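Contents: one structure, followed by commentary.
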Amino acid sequence: MRAATSTRPADAAVGAAVDTHCPYCALQCGMTLSPAGRTSVRVRPRDPSAGGLCQKGWTAAALLGSPARLTTPLLRNGGTLRPASWDEALGLVARRIKEIVAERGPDAVAVFGGGGLTNEKAYLLGKFARVALGTSQVDYNGRFCMSSAAAAAHRAFGLDRGLPFPLADLDGADAVLLAGANPAETMPPFLSHLRRAMDAGGLIVVDPRRTPTAERAALHLAPAPGTDLALALGILHAAVADGRVDHAYVGDRTTGFEEAWRPAAAWWPERVERVTGVAAADQRRAAAILAEAASAYVLTARGAEQHATGVDTVGAWINLALALGLPGRLGSGWGCLTGQGNGQGGREHGQKADQLPGYRRIDDPAARAHVARVWGVEPSVLPGPGRSAFELLDALGTSGGPSALLVFGSNPVVSAPHSARVADRLAALDLLVVSDIVLSETARAADAVLPITQWAEEDGTLTNLEGRVLLRRRALAPPPGVRTDLEVLHDLAVRLGQPPERFPTDPETVFTELRAASEGGPADYSGVTWDRLRAGERLHWPVPRQPGHQGTPRLFLDRFAHPDGRARFAVVDHTGPAEPPDEEFPLYAITGRVLQHYQSGAQTRRVEELRAAVPEAYVEVHPDTARRAGLRDGAAAAVVGRRGRVLATVRCVPSMRPDVVFLPFHFPGAQRANLVTNPALDPVSRMPEFKVCAVRLSAAGEREAQ
Amino acid sequence: MRTRVVIAGYGMAGARLAEEIRRRDPAGERVAIVAVGDEPHPPYNRVLLSNVLAGAMSAESVRLQEEGWAAAHGVEVRRGRAVVSVDRAGRGVALDDGTWVGYDVLVLATGARAWVPPVEGLTGDDGGLAPGVATFRTLDDCAAIAAGARGGARVAVLGGGLLGLEAARGLAARGNAVTVVHPNGHLMERQLDHGAGHVLARVLRGLGVRVLLNSRAARYLPGDGLKLDDGRLVAADLVVVAAGVRPQTAQASAAGLAVDGGVLVDDDLRTSDPLIHAIGDCARHPGTVPGLVQPAWEQAAALAALLTGGRSPYRGTKVVTRLKASGVDLAALGDVHAAPDDPRAEVLWLSEPSRGRYAKLVVRDERVAGAIALGVPDAAAAITQFYDRGLPVPPDRLALLLGRAMPYGEGAAPGGGAAGLPGTSVVCRCNAVSKDKLVAAWRSGARDLTALASATRATTGCGTCTDTVCGIARWLAQSEKAEAAGTAHAQS
């Protein structure tokens with residue numbers, strides 16, 4: 001039985017204006033949706049004074065009634081995907097899963113989730129994998145997103161919450177260092193929080209490219225790709241040499257400075273200059289700006305994280321923040337700018353290979369016992385940790401790897417590194433099931449495609465970049481024929497022999513269970529209720545189930561989350577990119593986003609206004625570098641690396657470093673940036689090295705250019 | 001069977017070698033290490049001694065290794081001991097305490113020693129430095145200088161090379177009256193051309209350092225100072241000798257190894273005895289010059305690879321000299337002496353003495369052949385990148401010489417700049433709104449910020465373009481008014 005949603009209070013709002021949030025990035029801007037015909041809504045910023053919307057947000061409704069919407073399940077039949085009934089589709093999927101499990105055991109079936117899924121979906125997906133399938137093979141695309149920051153924050157502070165302070169605290173900042181972040185394009189309204197810092201000449205941007213964000217900075221540090229860690233060490237060294245370390249703070253609130261200093265001592269600014277290309281004087285200035293500001297923050301993002309040394313790179317920036325006495329103090333700190341819409345909540349509730357809900361570890365017996373009790377199963381039936389995202393994708397269809405994969409909220413054919421390899425692995429599966437709103441590149445490769453609801457058609461919660469739990473509200477009835485992810489999980493679980501009540505379809509019911517499962521864990525949601533959220537409370541986790549507990553807007557003010565209450569410096573050293581340029585591949589390729597597109601582009605490429613603005617892949621390159629490759633602005637180029645070649649149109653950009661090309665990663669087919677990216681993984685976070693690989697640039701062949 | 005490697009010298013090169021070997025052989029399964037170091041301290045970073053001298057860092061904070069690193073990594077260190085002789089036939093070295101240490105492979109990393117010029121009075125009867133005289137090479141030297149410089153003592157620095165100037169700058173920053181006595185016509189003549197040397201002297205004088213060029217010390221008079229050969233007296237309570245270094249090769253020479261301004265080594269850092277290697281300041285490889293840490297560390301890495309069963313030959317190091325002196329940003333690399341009329345080179349050259357700037361770029365075959373960047377830190381960073389990687393230089397040489405002063409794209413000028421803004425330039429990036437779009441919206445009746453915002457979505461993202469949008473609205477209103485006035489005038 002599907003829940004009769006029309007009788008619930010949330011649904012009373014359908015037909016009237018509804019307050020909800022943008023479907024895209026982790027900023028989760030507030031929007032008000034009002035009816036606009038039967039199949040769409042009108043979008044307005046909810047509270048313009050608290051932040052507006054970017055072009056993606058304004059046009060988000062275009063996908064609701066889009067002809068690209070999937071409204072019926074598809075099954076592969078005779079090589080092509082053909083419409084099928086839900087019963088046929090779910091019946092086939094359940095039967096094949098049972099056969100594969102019977103033949104090869106539960107780990108033969110894998111699950112791949114996403115950082116855009118609501119908390120309820122992420123939670124139920126993890127439960128489905130562990131209980132209904134009994135597989136350890138579950139991970140998600142957040143591994144490609146902020147796993148390095150999560151690991152570094154755990155190591156430093158004992159707890160990971162993207163921003164351990166409210167976003168609005170940044171409004172008072174005099175100085176902000178952004179390491180590997182381009183919010184002017186990736187989360188544009190975020191810039192409103194940096195006005196004071198920009199006006200004060202305190203914005204420092206670390207990025208190999210002169211991005212729109214870097215253009216706003218008082219100081220733009222453009223290190224050679226893959227040398228960010230050395231740069232962070234150089235700035236720390238400058239801070240020490242120029243007497244800018246907060247020794248009282250370091251003594252009272254941290255451990256490990258001496259050990260961390262040892263490698264940093266070998267990276268004096270002039271040596272760092274040679275490796276990074278960032279002037280020693282600028283390193284000193286960065287240290288001075290941060291140290292002299294009354295209110296200073298260090299914020300890191302994908303540019304720091306997406307390296308085979310991503311955890312250490314983020315750790316090096318945290319070391320700098322700790323040396324200057326920033327974290328755990330009102331009006332200063334370190335934070336991570338999370339990427340995906342629910343990048344924060346998605347990493348807390350159990351779709352990650354090594355985790356259980358509440359940000360618990362799956363190898364912790366107490367955590368297993370707690371969660372098993374909530375789920376009504378024996379702890380012993382819960383599987384242990386499984387493969388991380390790329391390792392999981394890489395193992396598909398191999399003798400020791402899974403032969404079936406269920407994908408929810410992700411498009412790994414475009415978004416995973418070395419994507420040709422990933423497409424090959426998907427093709428080798430016995431069963432690929434994709435749940436999506438449109439026929440994404442991954443869905444095209446599936447045996448079964450399940451059409452689902454999207455943002456404005458469903459209720460749920462997301463946790464934004466500041467660890468605040470937000471309510472997503474339904475404003476519109478979904479098109480006939482689609483189901484929610486929760487319904488899909490329920491229907492499959494029942495067909496796999498699970499009791500129906502174990503997989504509720506009502507999101508608020510799922511959330512109530514999530515609260516219990518997270519209770520006492522690091523990310524404790526037990527005190528959060530939908531009623532509190534409906535009433536407009538701003539609840540940052542942890543929110544324990546205590547009368548009157550108002551949540552935790554600011555972590556670490558009194559103590560850090562390690563048992564001794566102290567933050568830990570990390571001993572980190574620079575080693576450089578896994579694949580440095582050489583004679584055959586003399587250029588660095590770096591990847592990133594454009595303002596108009598989101599992630600693999602599955603959604604935004606189907607919004608006409610956005611597609612028209614940036615219709616296809618391009619490669620940004622210095623005019624001299626283009627000329628040496630025999631290319632002009634607008635020419636069709638091939639960016640060739642060890643693992644493949646990407647076709648893209650040349651854009652000559654004079655501010656580019658001559659040794660770097662930039663590729664946006666939102667485009668499909670031969671334009672996939674990830675055809676060249678390097679799946680070298682961080683040893684701790686298992687994050688792939690998306691941000692740097694070696695390539696050469698050449699003209700695209702006649703045949704290819706067509 | 002483990003190879004027993006004895007490292008003679010446990011300074012920047014020797015300690016690095018031990019670390020590089022242990023990076024490749026963490027458990028010591030392939031290589032046993034015995035290191036002999038003559039200083040009483042644990043190994044430290046000589047590059048940072050100018051920070052210690054300036055009081056910015058403690059002796060503790062310039063240590064290269066954690067306390068206990070050697071023990072934890074199975075490295076036997078004989079601290080405070082020196083190798084006095086090498087017995088090549090017997091494959092062993094004799095130490096100054098009379099012990100004998102056998103080796104399978106010997107690595108000479110004995111470094112260099114400060115050279116004291118034969119100036120009367122600098123050294124005592126025993127050959128040691130006279131009271132009030134210090135060299136600048138070791139941590140103990142730093143302590144001696146700091147002690148001698150106390151209480152605002154007057155200091156003479158003998159030698160205007162890299163180390164001498166770093167010492168002079170550090171002491172001036174501590175409040176000492178410092179005079180640099182330099183025999184040559186300009187400072188740092190090994191690394192700088194005449195023009196750069198002069199601008200550098202001017203910069204240092206501005207920082208309170210007295211610089212005497214073409215000046216030779218004739219005699220040290222304790223309590224008075226340095227008597228120069230032209231009869232002048234440089235009053236000084238302390239003399240810091242920074243007249244250069246000499247590689248420590250005595251034991252190598254005595255053992256019959258080939259030595260010529262350093263122990264000669266090949267790309268495997270091998271000396272004329274295949275079982276003996278040399279790295280760092282005591283070695284001489286044709287691909288580099290001694291005295292800098294980077295070659296030493298690269299040599300240590302290459303040799304560690306060889307000693308642990310791999311091979312990554314050392315091909316030399318491109319040398320970039322950076323002066324580490326606060327308030328002075330100086331980089332020099334390659335051939336800096338090429339003259340503007342050199343037929344085989346393009347030479348760009350710019351001098352602005354009043355602001356302490358001097359930049360020179362020598363280009364050969366489209367590559368950086370040499371450069372000096374004084375007071376232009378961006379240029380120093382950019383040119384070094386091209387030099388190190390052998391990248392072809394940009395056609396716009398001047399842009400490279402000037403560093404960051406390259407023409408970047410135009411930004412949206414707020415307010416008064418509205419008229420001059422190109423129509424296609426993006427005013428609101430969050431919503432991709434160009435000036436043209438705003439103008440069109442205005443013409444369609446959107447006459448204020450709110451109306452423009454709702455017509456175009458400009459300012460509805462981060463809002464930081466609000467001033468620019470208001471400026472465009474003002475400009476349009478004014479030009480409309482002017483147009484109307486013009487029309488009215490024509491009608492009257």
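Convention: chains lettered A, B, ... in structure tokens order; per-chain residue numbering from 1; ligands numbered from 1 as shown.
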Exercise. So which residues touch Ala8 (chain B) within 10 Å, counting only C-alpha atoms, skipping near sequence neighbours fewer than 6 positions away, as a PyMOL selection string?
Worked result: chain B and resi 14+34-38+78+81-84+93+95+106-111+278
For this session: Determine which residues of region 247-278 of chain B receive a DSSP assignment of strand (DSSP E), computed from the backbone, and state them as an MDAnalysis selection string.
Result: chainID B and resid 247 263:264 276:278
Write to file, as a CSV table (one decimal), in the first residue's frame, the residues of the selection just made, with N, CA and C atoms.
```csv
chain,number,residue,atom,x,y,z
B,247,PRO,N,84.6,23.4,0.7
B,247,PRO,CA,84.2,22.1,0.9
B,247,PRO,C,85.1,21.3,1.8
B,263,VAL,N,84.7,16.8,-3.9
B,263,VAL,CA,84.9,15.4,-4.3
B,263,VAL,C,84.1,15.2,-5.5
B,264,LEU,N,84.8,14.8,-6.6
B,264,LEU,CA,84.2,14.7,-7.9
B,264,LEU,C,83.3,13.4,-7.9
B,276,ILE,N,82.5,4.4,-2.6
B,276,ILE,CA,82.3,5.7,-1.9
B,276,ILE,C,81.5,6.7,-2.7
B,277,HIS,N,80.5,7.3,-2.1
B,277,HIS,CA,79.7,8.3,-2.7
B,277,HIS,C,79.9,9.6,-2.0
B,278,ALA,N,79.5,10.7,-2.6
B,278,ALA,CA,79.6,12.0,-1.9
B,278,ALA,C,78.4,12.8,-2.4
```
Chain A near chain B within 9 Å: what's each residue's closest atom pair and its distance in Å to one decimal, counting only C-alpha atoms, ordered by chain then ascending residue number, as CSV?
```
residue,atom,partner,partner_atom,distance
A:Pro45,CA,B:Thr460,CA,8.0
A:Pro48,CA,B:Thr460,CA,7.1
A:Gly51,CA,B:Cys462,CA,6.4
A:Gly52,CA,B:Gly461,CA,4.4
A:Leu53,CA,B:Gly461,CA,4.5
A:Cys54,CA,B:Cys430,CA,4.7
A:Gln55,CA,B:Asn431,CA,4.5
A:Lys56,CA,B:Asn431,CA,8.1
A:Trp58,CA,B:Arg457,CA,8.5
A:Ala184,CA,B:Cys430,CA,7.2
A:Glu185,CA,B:Cys430,CA,7.1
A:Met187,CA,B:Cys430,CA,8.7
A:Pro188,CA,B:Cys430,CA,5.5
A:Pro189,CA,B:Cys462,CA,3.7
A:Phe190,CA,B:Cys462,CA,6.3
A:Leu191,CA,B:Cys462,CA,5.3
A:Ser192,CA,B:Cys462,CA,4.5
A:His193,CA,B:Cys462,CA,8.1
A:Arg195,CA,B:Thr464,CA,7.3
A:Pro212,CA,B:Arg429,CA,8.4
A:Glu215,CA,B:Gly411,CA,8.2
A:Val240,CA,B:Met57,CA,7.7
A:Ala241,CA,B:Ala56,CA,5.5
A:Asp242,CA,B:Ala56,CA,6.6
A:Gly243,CA,B:Ala56,CA,6.5
A:Glu258,CA,B:Ser61,CA,8.0
A:Glu259,CA,B:Glu66,CA,7.1
A:Trp261,CA,B:Ser61,CA,7.8
A:Arg262,CA,B:Leu64,CA,6.5
A:Pro263,CA,B:Leu64,CA,8.2
A:Ala265,CA,B:Val62,CA,6.7
A:Ala266,CA,B:Asn45,CA,7.6
A:Trp268,CA,B:Leu48,CA,8.2
A:Glu270,CA,B:Arg322,CA,6.8
A:Arg271,CA,B:Gln294,CA,8.7
A:Glu273,CA,B:Ala381,CA,6.1
A:Arg274,CA,B:Thr384,CA,6.6
A:Val275,CA,B:Gln385,CA,8.0
A:Thr276,CA,B:Gln385,CA,8.3
A:Gly277,CA,B:Ala381,CA,5.1
A:Val278,CA,B:Ala381,CA,6.0
A:Ala279,CA,B:Ala381,CA,4.9
A:Ala280,CA,B:Pro377,CA,7.2
A:Ala281,CA,B:Pro377,CA,6.3
A:Asp282,CA,B:Pro377,CA,8.1
A:Leu595,CA,B:Cys430,CA,7.3
A:Gln596,CA,B:Asn431,CA,8.7
A:Ala613,CA,B:Ala432,CA,8.4
A:Asp624,CA,B:Pro394,CA,6.6
A:Val653,CA,B:Gly409,CA,8.8
A:Pro654,CA,B:Tyr408,CA,6.8
A:Ser655,CA,B:Tyr408,CA,6.1
A:Pro658,CA,B:Pro394,CA,8.5
A:Asp659,CA,B:Leu391,CA,8.5
```
Convert the current residue selection to file output with N, CA and C atoms, as a compact mmCIF listing (two decimals), in the first residue's frame.
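Listed below is the output, out.txt:
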```
# COMPACT_ATOMS: atom_id res chain seq x y z
N PRO A 45 12.68 33.70 -4.89
CA PRO A 45 13.53 33.59 -3.69
C PRO A 45 12.64 33.77 -2.47
N PRO A 48 14.71 37.36 -0.07
CA PRO A 48 15.85 37.93 -0.82
C PRO A 48 16.89 38.56 0.09
N GLY A 51 19.48 36.11 0.98
CA GLY A 51 20.15 35.42 -0.11
C GLY A 51 19.17 35.14 -1.23
N GLY A 52 19.64 35.29 -2.46
CA GLY A 52 18.76 35.13 -3.60
C GLY A 52 18.90 33.78 -4.26
N LEU A 53 18.80 33.78 -5.57
CA LEU A 53 18.91 32.55 -6.34
C LEU A 53 19.83 32.81 -7.53
N CYS A 54 20.52 31.79 -7.96
CA CYS A 54 21.29 31.91 -9.18
C CYS A 54 20.43 31.42 -10.35
N GLN A 55 21.02 31.44 -11.53
CA GLN A 55 20.27 31.07 -12.72
C GLN A 55 19.75 29.63 -12.64
N LYS A 56 20.51 28.75 -12.00
CA LYS A 56 20.05 27.36 -11.87
C LYS A 56 18.79 27.30 -11.03
N TRP A 58 16.59 29.75 -10.33
CA TRP A 58 15.46 30.41 -10.98
C TRP A 58 14.79 29.51 -12.01
N ALA A 184 31.59 31.68 -6.64
CA ALA A 184 30.91 32.60 -7.56
C ALA A 184 30.22 31.82 -8.67
N GLU A 185 30.69 30.61 -8.95
CA GLU A 185 30.00 29.78 -9.93
C GLU A 185 29.30 28.58 -9.32
N MET A 187 28.19 28.06 -6.04
CA MET A 187 27.06 28.41 -5.16
C MET A 187 26.96 29.93 -5.07
N PRO A 188 26.56 30.55 -6.18
CA PRO A 188 26.71 32.01 -6.31
C PRO A 188 26.16 32.84 -5.16
N PRO A 189 24.96 32.56 -4.64
CA PRO A 189 24.47 33.44 -3.58
C PRO A 189 25.36 33.44 -2.33
N PHE A 190 26.21 32.43 -2.19
CA PHE A 190 27.15 32.38 -1.06
C PHE A 190 27.99 33.64 -0.97
N LEU A 191 28.29 34.23 -2.12
CA LEU A 191 29.17 35.40 -2.13
C LEU A 191 28.62 36.56 -1.31
N SER A 192 27.30 36.58 -1.13
CA SER A 192 26.73 37.68 -0.33
C SER A 192 27.30 37.65 1.09
N HIS A 193 27.73 36.48 1.54
CA HIS A 193 28.29 36.39 2.90
C HIS A 193 29.74 36.86 2.97
N ARG A 195 30.81 39.73 1.54
CA ARG A 195 30.89 41.15 1.18
C ARG A 195 31.86 41.92 2.05
N PRO A 212 35.94 33.38 -11.61
CA PRO A 212 35.17 34.56 -11.20
C PRO A 212 35.32 34.85 -9.71
N GLU A 215 38.68 36.56 -9.27
CA GLU A 215 38.64 37.96 -9.72
C GLU A 215 38.16 38.90 -8.63
N VAL A 240 54.84 31.16 11.04
CA VAL A 240 55.78 30.89 12.13
C VAL A 240 56.94 31.87 12.08
N ALA A 241 57.53 32.02 10.89
CA ALA A 241 58.72 32.87 10.77
C ALA A 241 58.42 34.33 11.11
N ASP A 242 57.20 34.75 10.80
CA ASP A 242 56.86 36.15 11.05
C ASP A 242 56.15 36.35 12.38
N GLY A 243 56.20 35.32 13.24
CA GLY A 243 55.68 35.47 14.59
C GLY A 243 54.18 35.63 14.67
N GLU A 258 54.34 20.54 17.26
CA GLU A 258 55.77 20.32 17.03
C GLU A 258 55.98 19.30 15.91
N GLU A 259 55.21 18.21 15.96
CA GLU A 259 55.36 17.16 14.95
C GLU A 259 54.94 17.68 13.57
N TRP A 261 55.02 20.77 12.61
CA TRP A 261 55.95 21.81 12.17
C TRP A 261 57.16 21.22 11.45
N ARG A 262 57.57 20.01 11.87
CA ARG A 262 58.80 19.44 11.33
C ARG A 262 58.78 19.41 9.80
N PRO A 263 57.78 18.79 9.16
CA PRO A 263 57.76 18.86 7.68
C PRO A 263 57.53 20.29 7.16
N ALA A 265 58.67 22.95 8.39
CA ALA A 265 59.92 23.69 8.51
C ALA A 265 60.75 23.57 7.24
N ALA A 266 60.58 22.45 6.53
CA ALA A 266 61.35 22.23 5.31
C ALA A 266 60.71 22.92 4.10
N TRP A 268 60.06 26.39 3.45
CA TRP A 268 60.11 27.85 3.58
C TRP A 268 59.54 28.46 2.29
N GLU A 270 60.28 30.49 -0.04
CA GLU A 270 61.00 30.52 -1.31
C GLU A 270 61.05 29.14 -1.96
N ARG A 271 61.16 28.11 -1.14
CA ARG A 271 61.15 26.76 -1.71
C ARG A 271 59.76 26.43 -2.24
N GLU A 273 57.64 28.57 -3.33
CA GLU A 273 57.46 29.35 -4.56
C GLU A 273 57.93 28.56 -5.77
N ARG A 274 59.03 27.86 -5.58
CA ARG A 274 59.60 27.16 -6.71
C ARG A 274 58.72 26.00 -7.16
N VAL A 275 58.06 25.37 -6.21
CA VAL A 275 57.20 24.23 -6.53
C VAL A 275 55.82 24.68 -7.00
N THR A 276 55.31 25.75 -6.39
CA THR A 276 53.93 26.15 -6.67
C THR A 276 53.82 27.27 -7.70
N GLY A 277 54.87 28.08 -7.81
CA GLY A 277 54.77 29.27 -8.64
C GLY A 277 54.11 30.45 -7.93
N VAL A 278 53.76 30.27 -6.66
CA VAL A 278 53.17 31.38 -5.89
C VAL A 278 54.29 32.16 -5.21
N ALA A 279 54.33 33.45 -5.47
CA ALA A 279 55.42 34.27 -4.94
C ALA A 279 55.52 34.15 -3.42
N ALA A 280 56.75 34.03 -2.92
CA ALA A 280 56.97 33.95 -1.48
C ALA A 280 56.33 35.15 -0.78
N ALA A 281 56.41 36.31 -1.42
CA ALA A 281 55.83 37.52 -0.81
C ALA A 281 54.32 37.37 -0.64
N ASP A 282 53.68 36.71 -1.61
CA ASP A 282 52.23 36.51 -1.50
C ASP A 282 51.88 35.51 -0.40
N LEU A 595 28.76 27.87 -13.86
CA LEU A 595 27.61 28.33 -13.09
C LEU A 595 26.32 27.66 -13.55
N GLN A 596 26.18 27.48 -14.86
CA GLN A 596 24.88 27.05 -15.38
C GLN A 596 24.62 25.56 -15.21
N ALA A 613 22.93 28.66 -22.62
CA ALA A 613 24.04 29.48 -22.13
C ALA A 613 25.37 28.76 -22.25
N ASP A 624 48.77 31.34 -25.77
CA ASP A 624 50.07 30.85 -26.26
C ASP A 624 50.05 29.33 -26.38
N VAL A 653 41.94 31.91 -22.88
CA VAL A 653 41.76 32.73 -21.68
C VAL A 653 43.14 33.21 -21.23
N PRO A 654 43.43 34.50 -21.39
CA PRO A 654 44.80 34.99 -21.12
C PRO A 654 45.24 34.81 -19.67
N SER A 655 44.30 34.69 -18.74
CA SER A 655 44.72 34.56 -17.35
C SER A 655 45.08 33.12 -16.97
N PRO A 658 50.06 28.94 -18.46
CA PRO A 658 50.31 28.31 -19.76
C PRO A 658 50.47 26.80 -19.68
N ASP A 659 50.65 26.26 -18.48
CA ASP A 659 50.85 24.81 -18.36
C ASP A 659 49.58 24.08 -17.94
```
Exercise. How far is it from CA of Gly386 (chain A) to CA of Asp139 (chain A), in Å with one decimal?
Worked result: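 It comes out at 7.8 Å.
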For this session: Within 8 Å of Arg219 (chain B), counting only C-alpha atoms, which residues show up once you throw out same-chain ones fewer than 2 positions away? Write them as a list in words, please.
Result: Val119, Glu120, Gly121, Leu122, Ala217, Leu221, Leu226, Lys227 and Leu228 of chain B
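Distances to Ala151 (chain A) were evaluated for A:Glu348, A:Glu583, A:Asp312, A:Asp47 using only C-alpha atoms, and the minimum falls at A:Asp312.
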Problem set entry | Selection: 10 Å around Val199 (chain B), only C-alpha atoms, excl. self and same-chain fewer than 6 positions, as a PyMOL selection string | chain B and resi 186-187+205+351-358+374-375
Exercise. Among region 157-305 of chain A, which ones does DSSP place in alpha helix (DSSP H), written as a PyMOL selection string?
Worked result: chain A and resi 157+183-186+195-199+212-215+228-241+247-253+257-265+269-276+280-292+302-305
For this session: Compile the contact shell of region 166-176 of chain B as a list in words: residues with an atom at most 6 Å away, counting only C-alpha atoms, same-chain residues fewer than 6 positions apart removed.
Result: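 The residues satisfying every condition are Ala54, Gly152, Ala153, Arg154 and Ala325 of chain B.
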Output for the residues just chosen: C-alpha atoms as a compact mmCIF listing (two decimals), in the first residue's frame:
```txt
# COMPACT_ATOMS: atom_id res chain seq x y z
CA ALA B 54 66.83 37.46 13.46
CA GLY B 152 73.14 47.25 20.43
CA ALA B 153 76.71 46.23 19.59
CA ARG B 154 78.19 47.59 16.36
CA ALA B 325 66.11 38.78 4.15
```
For this session: For CA of Thr604 (chain A) and CA of Val43 (chain A), quote the distance in Å rounded to one decimal.
Result: 15.9 Å
Exercise. Interatomic distance between CA of Pro577 (chain A) and CA of Ala617 (chain A)?
Worked result: 24.5 Å
For this session: Would you list the contacts of region 284-289 of chain A as an MDAnalysis selection string, taking every protein, DNA or RNA residue within 9 Å and counting only C-alpha atoms, but skipping same-chain residues closer than 4 positions in sequence?
Result: chainID A and resid 174:177 201:204 219 221 234:239 242 244 269 279:280 293 296 320 324
